[in-house]
>>> print(open('protein.cif').read())   # mmCIF, C-alpha atoms
data_input
loop_
_atom_site.label_atom_id
_atom_site.label_comp_id
_atom_site.auth_asym_id
_atom_site.auth_seq_id
_atom_site.Cartn_x
_atom_site.Cartn_y
_atom_site.Cartn_z
CA MET A 1 0.00 0.00 0.00
CA GLU A 2 1.30 3.43 -0.95
CA PHE A 3 1.77 5.72 2.05
CA LEU A 4 -1.30 7.96 2.59
CA SER A 5 -3.19 6.36 -0.29
CA TYR A 6 -6.90 5.83 0.36
CA GLU A 7 -6.27 2.13 0.95
CA TYR A 8 -3.45 2.90 3.41
CA LEU A 9 -5.56 5.44 5.31
CA LYS A 10 -8.41 2.95 5.68
CA PHE A 11 -6.04 0.40 7.15
CA ALA A 12 -4.31 3.01 9.34
CA TRP A 13 -7.62 4.06 10.86
CA TRP A 14 -8.56 0.46 11.55
CA LEU A 15 -5.31 0.23 13.54
CA LEU A 16 -5.75 3.61 15.25
CA ILE A 17 -9.29 2.90 16.40
CA GLY A 18 -8.00 -0.39 17.80
CA VAL A 19 -5.27 1.49 19.68
CA LEU A 20 -7.86 3.87 21.15
CA TRP A 21 -10.01 1.00 22.41
CA ILE A 22 -6.93 -0.66 23.89
CA GLY A 23 -6.06 2.61 25.65
CA PHE A 24 -9.60 2.76 26.99
CA ALA A 25 -9.51 -0.84 28.23
CA ILE A 26 -6.16 -0.50 30.02
CA THR A 27 -6.90 2.81 31.75
CA GLU A 28 -10.66 2.71 32.28
CA GLY A 29 -10.24 -0.99 33.01
CA PHE A 30 -8.50 -0.34 36.29
CA ASP A 31 -10.70 2.51 37.51
CA MET A 32 -13.96 0.77 36.54
CA GLY A 33 -12.53 -2.46 37.94
CA ALA A 34 -11.69 -0.74 41.21
CA ALA A 35 -15.22 0.72 41.32
CA MET A 36 -16.86 -2.69 40.87
CA LEU A 37 -14.66 -4.06 43.68
CA LEU A 38 -15.27 -1.08 45.97
CA PRO A 39 -18.13 -2.50 48.11
CA PHE A 40 -16.28 -5.80 48.60
CA ILE A 41 -12.64 -4.83 49.04
CA GLY A 42 -13.43 -1.96 51.39
CA LYS A 43 -15.11 -3.15 54.60
CA THR A 44 -14.85 0.16 56.45
CA ASP A 45 -15.36 3.72 55.31
CA ALA A 46 -11.63 4.44 55.47
CA GLU A 47 -10.81 1.34 53.39
CA ARG A 48 -13.35 2.34 50.74
CA ARG A 49 -11.86 5.82 50.62
CA VAL A 50 -8.47 4.20 50.01
CA VAL A 51 -9.89 2.45 46.93
CA ILE A 52 -11.58 5.63 45.72
CA ASN A 53 -8.50 7.80 46.17
CA ALA A 54 -6.35 5.29 44.29
CA VAL A 55 -8.35 5.98 41.10
CA ALA A 56 -10.30 9.22 41.60
CA PRO A 57 -7.49 11.60 40.49
CA HIS A 58 -7.26 9.75 37.16
CA TRP A 59 -10.72 8.50 36.14
CA ASP A 60 -11.72 11.59 34.13
CA GLY A 61 -8.42 11.58 32.25
CA ASN A 62 -8.87 7.88 31.53
CA GLN A 63 -12.30 8.58 30.06
CA VAL A 64 -10.64 10.67 27.35
CA TRP A 65 -9.85 7.36 25.63
CA LEU A 66 -13.54 6.47 25.45
CA ILE A 67 -14.40 9.91 24.06
CA LEU A 68 -11.60 9.65 21.50
CA ALA A 69 -12.66 6.16 20.44
CA ALA A 70 -16.29 7.22 19.98
CA GLY A 71 -15.24 10.38 18.14
CA ALA A 72 -12.89 8.47 15.85
CA LEU A 73 -15.66 5.96 15.13
CA PHE A 74 -17.96 8.83 14.13
CA ALA A 75 -15.39 10.55 11.91
CA ALA A 76 -13.63 7.55 10.33
CA TRP A 77 -16.57 5.12 10.03
CA PRO A 78 -19.74 7.28 9.95
CA ILE A 79 -21.94 4.47 8.60
CA VAL A 80 -20.80 2.19 11.41
CA TYR A 81 -21.44 4.93 13.97
CA ALA A 82 -24.93 5.66 12.62
CA THR A 83 -25.93 2.00 12.41
CA THR A 84 -24.54 1.18 15.86
CA PHE A 85 -26.12 4.12 17.66
CA SER A 86 -29.45 3.57 15.90
CA GLY A 87 -29.65 -0.18 16.45
CA MET A 88 -28.18 -0.31 19.97
CA TYR A 89 -29.75 2.95 21.11
CA LEU A 90 -31.28 1.66 24.35
CA ALA A 91 -28.13 -0.25 25.37
CA LEU A 92 -25.90 2.76 24.70
CA LEU A 93 -28.33 5.05 26.51
CA ILE A 94 -28.15 2.78 29.56
CA LEU A 95 -24.35 2.88 29.34
CA LEU A 96 -24.38 6.68 29.12
CA PHE A 97 -26.69 7.14 32.09
CA THR A 98 -24.59 4.83 34.26
CA LEU A 99 -21.52 6.93 33.41
CA PHE A 100 -23.38 9.98 34.78
CA LEU A 101 -23.06 8.44 38.26
CA ARG A 102 -19.26 8.51 38.23
CA PRO A 103 -18.45 12.23 38.60
CA VAL A 104 -21.29 12.73 41.08
CA GLY A 105 -20.25 9.69 43.09
CA PHE A 106 -16.58 10.61 43.29
CA ASP A 107 -17.24 14.26 44.16
CA TYR A 108 -20.14 13.92 46.61
CA ARG A 109 -19.61 10.54 48.24
CA SER A 110 -17.51 11.85 51.16
CA LYS A 111 -19.12 15.28 51.50
CA LEU A 112 -21.47 14.08 54.27
CA ASP A 113 -20.30 12.04 57.23
CA ASN A 114 -23.34 9.81 57.05
CA PRO A 115 -23.02 6.01 56.66
CA ARG A 116 -26.24 5.63 54.63
CA TRP A 117 -25.24 8.48 52.30
CA ARG A 118 -21.77 7.04 51.71
CA ASN A 119 -23.02 3.47 51.27
CA PHE A 120 -25.52 4.67 48.66
CA TRP A 121 -22.76 6.33 46.63
CA ASP A 122 -20.48 3.31 47.00
CA TRP A 123 -23.09 1.22 45.18
CA ALA A 124 -23.75 4.08 42.76
CA LEU A 125 -20.05 3.87 41.81
CA PHE A 126 -20.29 0.08 41.57
CA ILE A 127 -22.97 0.32 38.84
CA PRO A 128 -20.86 2.31 36.29
CA GLY A 129 -18.00 -0.04 37.10
CA VAL A 130 -19.95 -3.12 35.98
CA VAL A 131 -22.43 -1.95 33.35
CA PRO A 132 -20.07 -0.42 30.70
CA PRO A 133 -17.75 -3.46 30.35
CA LEU A 134 -20.78 -5.76 30.42
CA LEU A 135 -22.63 -3.88 27.65
CA LEU A 136 -19.50 -3.34 25.55
CA GLY A 137 -18.69 -7.04 25.82
CA VAL A 138 -22.25 -7.97 24.82
CA ALA A 139 -22.00 -5.59 21.85
CA MET A 140 -18.70 -7.16 20.77
CA GLY A 141 -20.20 -10.64 21.05
CA ASN A 142 -23.09 -9.63 18.83
CA LEU A 143 -20.69 -8.51 16.09
CA PHE A 144 -19.63 -12.14 15.63
CA LEU A 145 -23.27 -13.21 15.47
CA GLY A 146 -24.15 -10.49 12.95
CA MET A 147 -26.38 -7.49 13.55
CA PRO A 148 -29.93 -7.39 12.05
CA PHE A 149 -29.60 -4.37 9.75
CA HIS A 150 -29.63 -3.61 6.02
CA PHE A 151 -29.61 -0.60 3.69
CA ASP A 152 -32.11 0.66 1.13
CA ASP A 153 -31.26 2.12 -2.28
CA PHE A 154 -30.38 5.46 -0.64
CA LEU A 155 -28.01 3.81 1.86
CA ARG A 156 -30.39 4.46 4.73
CA SER A 157 -29.86 1.95 7.51
CA TYR A 158 -32.75 -0.16 8.84
CA TYR A 159 -32.29 -2.07 12.09
CA GLU A 160 -34.69 -4.95 12.73
CA GLY A 161 -33.60 -6.06 16.20
CA GLY A 162 -34.30 -4.96 19.76
CA PHE A 163 -32.53 -4.70 23.11
CA PHE A 164 -33.40 -8.21 24.31
CA GLY A 165 -32.27 -9.63 20.98
CA LEU A 166 -28.73 -8.67 21.98
CA LEU A 167 -28.80 -11.11 24.90
CA HIS A 168 -27.63 -14.19 23.00
CA PRO A 169 -25.74 -16.68 25.24
CA PHE A 170 -22.50 -16.16 23.30
CA ALA A 171 -22.83 -12.38 23.69
CA LEU A 172 -23.57 -12.75 27.41
CA VAL A 173 -20.39 -14.80 27.86
CA ALA A 174 -18.51 -12.02 26.03
CA GLY A 175 -20.13 -9.49 28.38
CA LEU A 176 -19.03 -11.46 31.43
CA LEU A 177 -15.56 -11.66 29.91
CA GLY A 178 -15.52 -7.85 29.71
CA VAL A 179 -16.48 -7.61 33.39
CA ALA A 180 -13.81 -10.15 34.39
CA MET A 181 -11.15 -8.33 32.35
CA PHE A 182 -11.88 -4.99 34.03
CA MET A 183 -12.06 -6.62 37.47
CA MET A 184 -8.66 -8.21 36.89
CA GLN A 185 -7.21 -4.88 35.78
CA GLY A 186 -8.70 -3.08 38.78
CA ALA A 187 -7.49 -5.69 41.26
CA SER A 188 -3.92 -5.65 39.93
CA TYR A 189 -3.88 -1.85 40.01
CA LEU A 190 -5.12 -1.76 43.61
CA MET A 191 -2.37 -4.17 44.57
CA ILE A 192 0.15 -1.60 43.36
CA ARG A 193 -1.48 1.42 44.99
CA THR A 194 -2.60 0.04 48.37
CA GLU A 195 -1.29 -1.72 51.46
CA GLY A 196 -2.57 -3.92 54.25
CA VAL A 197 -5.99 -5.55 54.13
CA VAL A 198 -7.08 -3.65 50.99
CA HIS A 199 -3.99 -4.96 49.19
CA ASP A 200 -4.67 -8.50 50.42
CA ARG A 201 -8.30 -8.44 49.31
CA ALA A 202 -7.27 -7.08 45.91
CA LYS A 203 -4.82 -9.96 45.66
CA THR A 204 -7.65 -12.44 46.27
CA ALA A 205 -9.88 -10.68 43.74
CA LEU A 206 -7.08 -10.88 41.17
CA LYS A 207 -6.83 -14.65 41.56
CA PHE A 208 -10.52 -15.18 40.87
CA SER A 209 -10.84 -12.60 38.09
CA SER A 210 -7.75 -13.74 36.16
CA LEU A 211 -9.00 -17.34 36.23
CA ALA A 212 -12.42 -16.12 35.10
CA VAL A 213 -10.78 -14.32 32.15
CA ILE A 214 -9.00 -17.51 31.09
CA VAL A 215 -12.15 -19.64 31.35
CA LEU A 216 -14.53 -17.18 29.66
CA PHE A 217 -12.02 -16.35 26.90
CA ALA A 218 -11.60 -20.08 26.24
CA ILE A 219 -15.39 -20.65 26.13
CA ASP A 220 -15.92 -17.87 23.59
CA GLY A 221 -12.93 -19.04 21.55
CA LEU A 222 -14.13 -22.65 21.43
CA TRP A 223 -17.63 -21.44 20.58
CA LEU A 224 -16.26 -19.51 17.60
CA TRP A 225 -14.09 -22.40 16.49
CA MET A 226 -16.58 -25.25 16.83
CA GLY A 227 -20.13 -23.97 16.93
CA MET A 228 -20.64 -20.70 15.08
CA ASP A 229 -20.97 -19.75 11.44
CA GLY A 230 -18.88 -16.82 10.29
CA PHE A 231 -18.91 -14.25 7.52
CA LYS A 232 -16.66 -14.28 4.44
CA VAL A 233 -16.28 -11.84 1.54
CA VAL A 234 -16.21 -13.74 -1.75
CA SER A 235 -16.24 -10.93 -4.35
CA GLY A 236 -16.78 -7.26 -5.08
CA LEU A 237 -14.70 -5.74 -2.26
CA ASP A 238 -12.17 -3.16 -3.48
CA PRO A 239 -9.88 -1.86 -0.67
CA ALA A 240 -9.08 1.26 -2.68
CA GLY A 241 -12.60 1.71 -4.01
CA PRO A 242 -15.55 3.84 -2.93
CA SER A 243 -17.19 3.48 0.48
CA ASN A 244 -20.33 1.66 -0.56
CA PRO A 245 -21.10 -1.41 1.56
CA THR A 246 -23.69 -2.81 -0.87
CA LEU A 247 -21.32 -3.66 -3.75
CA LYS A 248 -19.76 -6.85 -2.41
CA GLN A 249 -20.91 -10.43 -1.99
CA VAL A 250 -20.68 -12.07 1.43
CA VAL A 251 -21.46 -15.64 2.43
CA ILE A 252 -22.07 -17.21 5.83
CA GLU A 253 -20.30 -20.51 6.33
CA SER A 254 -19.00 -22.74 9.07
CA GLY A 255 -15.47 -21.95 10.26
CA ALA A 256 -15.27 -18.64 8.41
CA TRP A 257 -14.20 -16.71 11.52
CA MET A 258 -11.11 -18.88 11.90
CA GLN A 259 -9.86 -18.50 8.33
CA ASN A 260 -7.75 -15.44 9.08
CA TYR A 261 -5.63 -17.55 11.45
CA ALA A 262 -4.83 -19.96 8.63
CA LEU A 263 -4.00 -17.11 6.22
CA TYR A 264 -1.99 -14.99 8.67
CA PRO A 265 -0.49 -17.18 11.43
CA ILE A 266 1.13 -14.10 13.04
CA ILE A 267 -2.27 -13.07 14.41
CA TRP A 268 -2.18 -15.98 16.86
CA ILE A 269 -0.30 -13.43 18.97
CA GLY A 270 -3.73 -12.11 20.01
CA PRO A 271 -5.12 -15.20 21.79
CA ILE A 272 -1.65 -16.11 23.06
CA LEU A 273 -1.36 -12.70 24.76
CA GLY A 274 -4.91 -13.00 26.07
CA PHE A 275 -4.24 -16.29 27.85
CA ALA A 276 -0.59 -15.73 28.77
CA GLY A 277 -1.26 -12.26 30.17
CA ALA A 278 -4.06 -13.51 32.43
CA ALA A 279 -1.88 -16.43 33.55
CA LEU A 280 0.99 -14.02 34.30
CA ALA A 281 -1.39 -11.82 36.30
CA TRP A 282 -2.50 -14.83 38.33
CA LEU A 283 1.03 -16.08 38.98
CA MET A 284 2.52 -12.68 39.81
CA GLY A 285 -0.47 -11.75 41.94
CA ALA A 286 -0.10 -14.95 43.96
CA ALA A 287 3.62 -14.14 44.37
CA GLY A 288 2.83 -10.61 45.54
CA LYS A 289 4.55 -8.96 42.58
CA ALA A 290 1.95 -6.30 41.88
CA SER A 291 3.67 -4.45 39.04
CA LEU A 292 4.22 -7.64 37.05
CA ALA A 293 0.64 -8.69 37.77
CA PHE A 294 -0.59 -5.37 36.35
CA LEU A 295 1.65 -5.87 33.31
CA GLY A 296 0.17 -9.33 32.75
CA SER A 297 -3.37 -8.02 33.16
CA SER A 298 -2.75 -5.21 30.67
CA LEU A 299 -1.23 -7.62 28.14
CA SER A 300 -4.25 -9.88 28.52
CA LEU A 301 -6.61 -6.99 27.73
CA VAL A 302 -4.50 -6.14 24.69
CA GLY A 303 -4.58 -9.77 23.56
CA VAL A 304 -8.36 -10.13 23.90
CA ILE A 305 -9.02 -6.93 21.94
CA LEU A 306 -6.51 -7.91 19.25
CA THR A 307 -8.14 -11.33 19.00
CA ALA A 308 -11.54 -9.74 18.38
CA GLY A 309 -10.14 -7.37 15.74
CA PHE A 310 -8.06 -10.01 13.97
CA THR A 311 -10.92 -12.52 13.92
CA LEU A 312 -13.44 -10.04 12.51
CA PHE A 313 -11.05 -8.58 9.91
CA PRO A 314 -11.98 -7.05 7.51
CA PHE A 315 -15.48 -6.85 8.97
CA VAL A 316 -16.43 -4.10 11.38
CA MET A 317 -20.14 -4.81 11.64
CA PRO A 318 -21.53 -7.90 9.85
CA SER A 319 -25.20 -7.98 8.88
CA SER A 320 -27.30 -11.05 9.70
CA THR A 321 -30.35 -9.95 7.67
CA ASN A 322 -28.41 -9.13 4.48
CA PRO A 323 -24.80 -10.34 4.67
CA ASN A 324 -23.93 -8.45 1.46
CA HIS A 325 -24.60 -5.20 3.36
CA SER A 326 -22.09 -6.02 6.09
CA LEU A 327 -19.79 -3.15 6.97
CA THR A 328 -16.05 -3.62 6.53
CA MET A 329 -13.04 -1.41 7.13
CA TRP A 330 -12.72 -1.02 3.34
CA ASP A 331 -16.22 0.11 2.42
CA ALA A 332 -17.61 1.95 5.48
CA THR A 333 -15.10 4.79 5.80
CA SER A 334 -15.17 8.54 5.33
CA SER A 335 -13.59 10.26 2.33
CA ALA A 336 -9.86 10.19 1.68
CA LEU A 337 -9.60 13.88 2.64
CA THR A 338 -11.32 13.29 5.98
CA LEU A 339 -9.13 10.32 6.82
CA ASN A 340 -6.02 12.26 5.81
CA VAL A 341 -6.83 15.28 8.00
CA MET A 342 -7.72 13.01 10.90
CA PHE A 343 -4.56 10.98 10.46
CA TRP A 344 -2.25 13.97 10.89
CA SER A 345 -4.38 15.30 13.74
CA ALA A 346 -4.00 11.97 15.52
CA MET A 347 -0.26 11.94 14.90
CA PHE A 348 -0.08 15.33 16.65
CA PHE A 349 -2.59 14.98 19.51
CA VAL A 350 -2.28 11.34 20.61
CA PRO A 351 1.39 11.77 21.69
CA ILE A 352 0.34 14.86 23.66
CA ILE A 353 -2.40 12.89 25.39
CA LEU A 354 0.07 10.11 26.21
CA ALA A 355 2.60 12.64 27.53
CA TYR A 356 0.22 14.40 29.92
CA THR A 357 -1.27 11.09 31.01
CA PHE A 358 2.13 9.74 32.03
CA TRP A 359 2.97 13.07 33.70
CA CYS A 360 -0.24 12.96 35.76
CA TYR A 361 0.47 9.43 36.94
CA ARG A 362 4.06 10.34 37.77
CA VAL A 363 3.04 13.33 39.86
CA MET A 364 0.20 11.58 41.71
CA TRP A 365 1.81 8.16 42.13
CA GLY A 366 2.39 6.45 45.46
CA LYS A 367 0.66 4.22 47.98
CA VAL A 368 -2.75 5.23 49.31
CA THR A 369 -3.17 4.03 52.90
CA VAL A 370 -5.83 4.20 55.59
CA GLU A 371 -3.50 6.40 57.63
CA PHE A 372 -3.14 8.85 54.74
CA VAL A 373 -6.91 9.06 54.33
CA GLU A 374 -7.46 9.60 58.08
CA GLU A 375 -4.84 12.35 58.21
CA ASN A 376 -6.32 14.11 55.14
CA LYS A 377 -9.99 13.23 55.47
CA HIS A 378 -11.13 16.75 54.55
CA SER A 379 -8.90 17.18 51.49
CA VAL A 380 -9.16 13.80 49.72
CA TYR A 381 -12.10 12.07 48.09
#
>>> encode(input="protein.cif", output="structure tokens")
Amino acid sequence: MEFLSYEYLKFAWWLLIGVLWIGFAITEGFDMGAAMLLPFIGKTDAERRVVINAVAPHWDGNQVWLILAAGALFAAWPIVYATTFSGMYLALLILLFTLFLRPVGFDYRSKLDNPRWRNFWDWALFIPGVVPPLLLGVAMGNLFLGMPFHFDDFLRSYYEGGFFGLLHPFALVAGLLGVAMFMMQGASYLMIRTEGVVHDRAKTALKFSSLAVIVLFAIDGLWLWMGMDGFKVVSGLDPAGPSNPTLKQVVIESGAWMQNYALYPIIWIGPILGFAGAALAWLMGAAGKASLAFLGSSLSLVGVILTAGFTLFPFVMPSSTNPNHSLTMWDATSSALTLNVMFWSAMFFVPIILAYTFWCYRVMWGKVTVEFVEENKHSVY
């Protein structure tokens, strides 16, 4: 592919959107994971404030990755964005409203010295810790099943499904995998940032969540390999051609999702990282090596996301009602000019985001202890 050709830009944006979702999973993974563990790891008010203060200075910066990923999806793949937000409107609305609880919970939870008030907000923070990874995992699972949409002659999208139609058993397993991944990330992060009983409980949570990731990832993988039909482009797809998803021919056949692994053996790195990273997190967590456990957890998240992207390639959103209208990275993109402008914008702004993110963590790093919270109870979260 010629550098900055239309074909190159389409492929580059497939990679960049993947990077943004990986950034979201690694960073939001540990703060949402810590939030879902909050009512269980913290038995006293001071212990819960330890968990909150380990992530509260960073959660809003972490959410930049989600905003960037959604914005890039809108700008680079507008048809995908429109079809997704139309068809999964209720699910995404639920996700959005749960996210509203986060800033309110972090800011107001400790304002009143009232046990009922604080317990209410602890559970209010638990909800946006669990719901987003669950719904995003369910959405990802449904991509492998195919979404019930098609286009008319004017390329208007028609979605024929509903919210409860998303709750296929395979998709639910993928949703539980998302929850387990974020729990593992949160537990390994809390091991790094805390001491004493909070650290020990996070260590226990890491053991269970990393094993859950291995088991759930294996179930979904075996399901794809042995029991699910996949999508395959057989003709009409031009990587350098116009963005019209109705010009190709797609078939549904057994084993189609695994064909990329036969064509490009290098992509086995995805599932290998997924399993090996979770195993490393379990082993290093059991050994008390928190930093290596967090490294393993992060690698596992990277591996799972890469596995999903590699398996779907080149599909972005397959259609179950009219497979020929499935959306791929080659025929669902914006214009060459739009992708070009966005590409150079990303090359400029993403390094800046990475730089200030690392700076913020460097400045605010260190152990959060019960003693620290007690000594600064009026100035911390």
>>> resolve_selection(input="protein.cif", expression="the PyMOL selection byres ((chain A and resi 75) around 10)", output="list of chain:residue names")
A:Ala69, A:Ala70, A:Gly71, A:Ala72, A:Leu73, A:Phe74, A:Ala76, A:Trp77, A:Pro78, A:Ile79, A:Val80, A:Tyr81, A:Thr333, A:Ser334, A:Ser335, A:Thr338, A:Leu339, A:Met342
>>> atom_distance(input="protein.cif", atom1="atom CA of A:Asn62", atom2="atom CA of A:Phe310")
25.1 Å
>>> resolve_selection(input="protein.cif", expression="the PyMOL selection byres ((chain A and resi 376-378) around 12)", output="PyMOL selection string")
chain A and resi 45-46+49-50+53+110-113+368-375+379-381
>>> atom_distance(input="protein.cif", atom1="atom CA of A:Ile17", atom2="atom CA of A:Ile267")
17.6 Å
>>> closest_residue(input="protein.cif", among="A:Trp330, A:Trp121, A:Tyr158, A:Trp65", to="A:Thr357", atoms="only C-alpha atoms")
A:Trp65
>>> atom_distance(input="protein.cif", atom1="atom CA of A:Met364", atom2="atom CA of A:Ser188")
17.8 Å
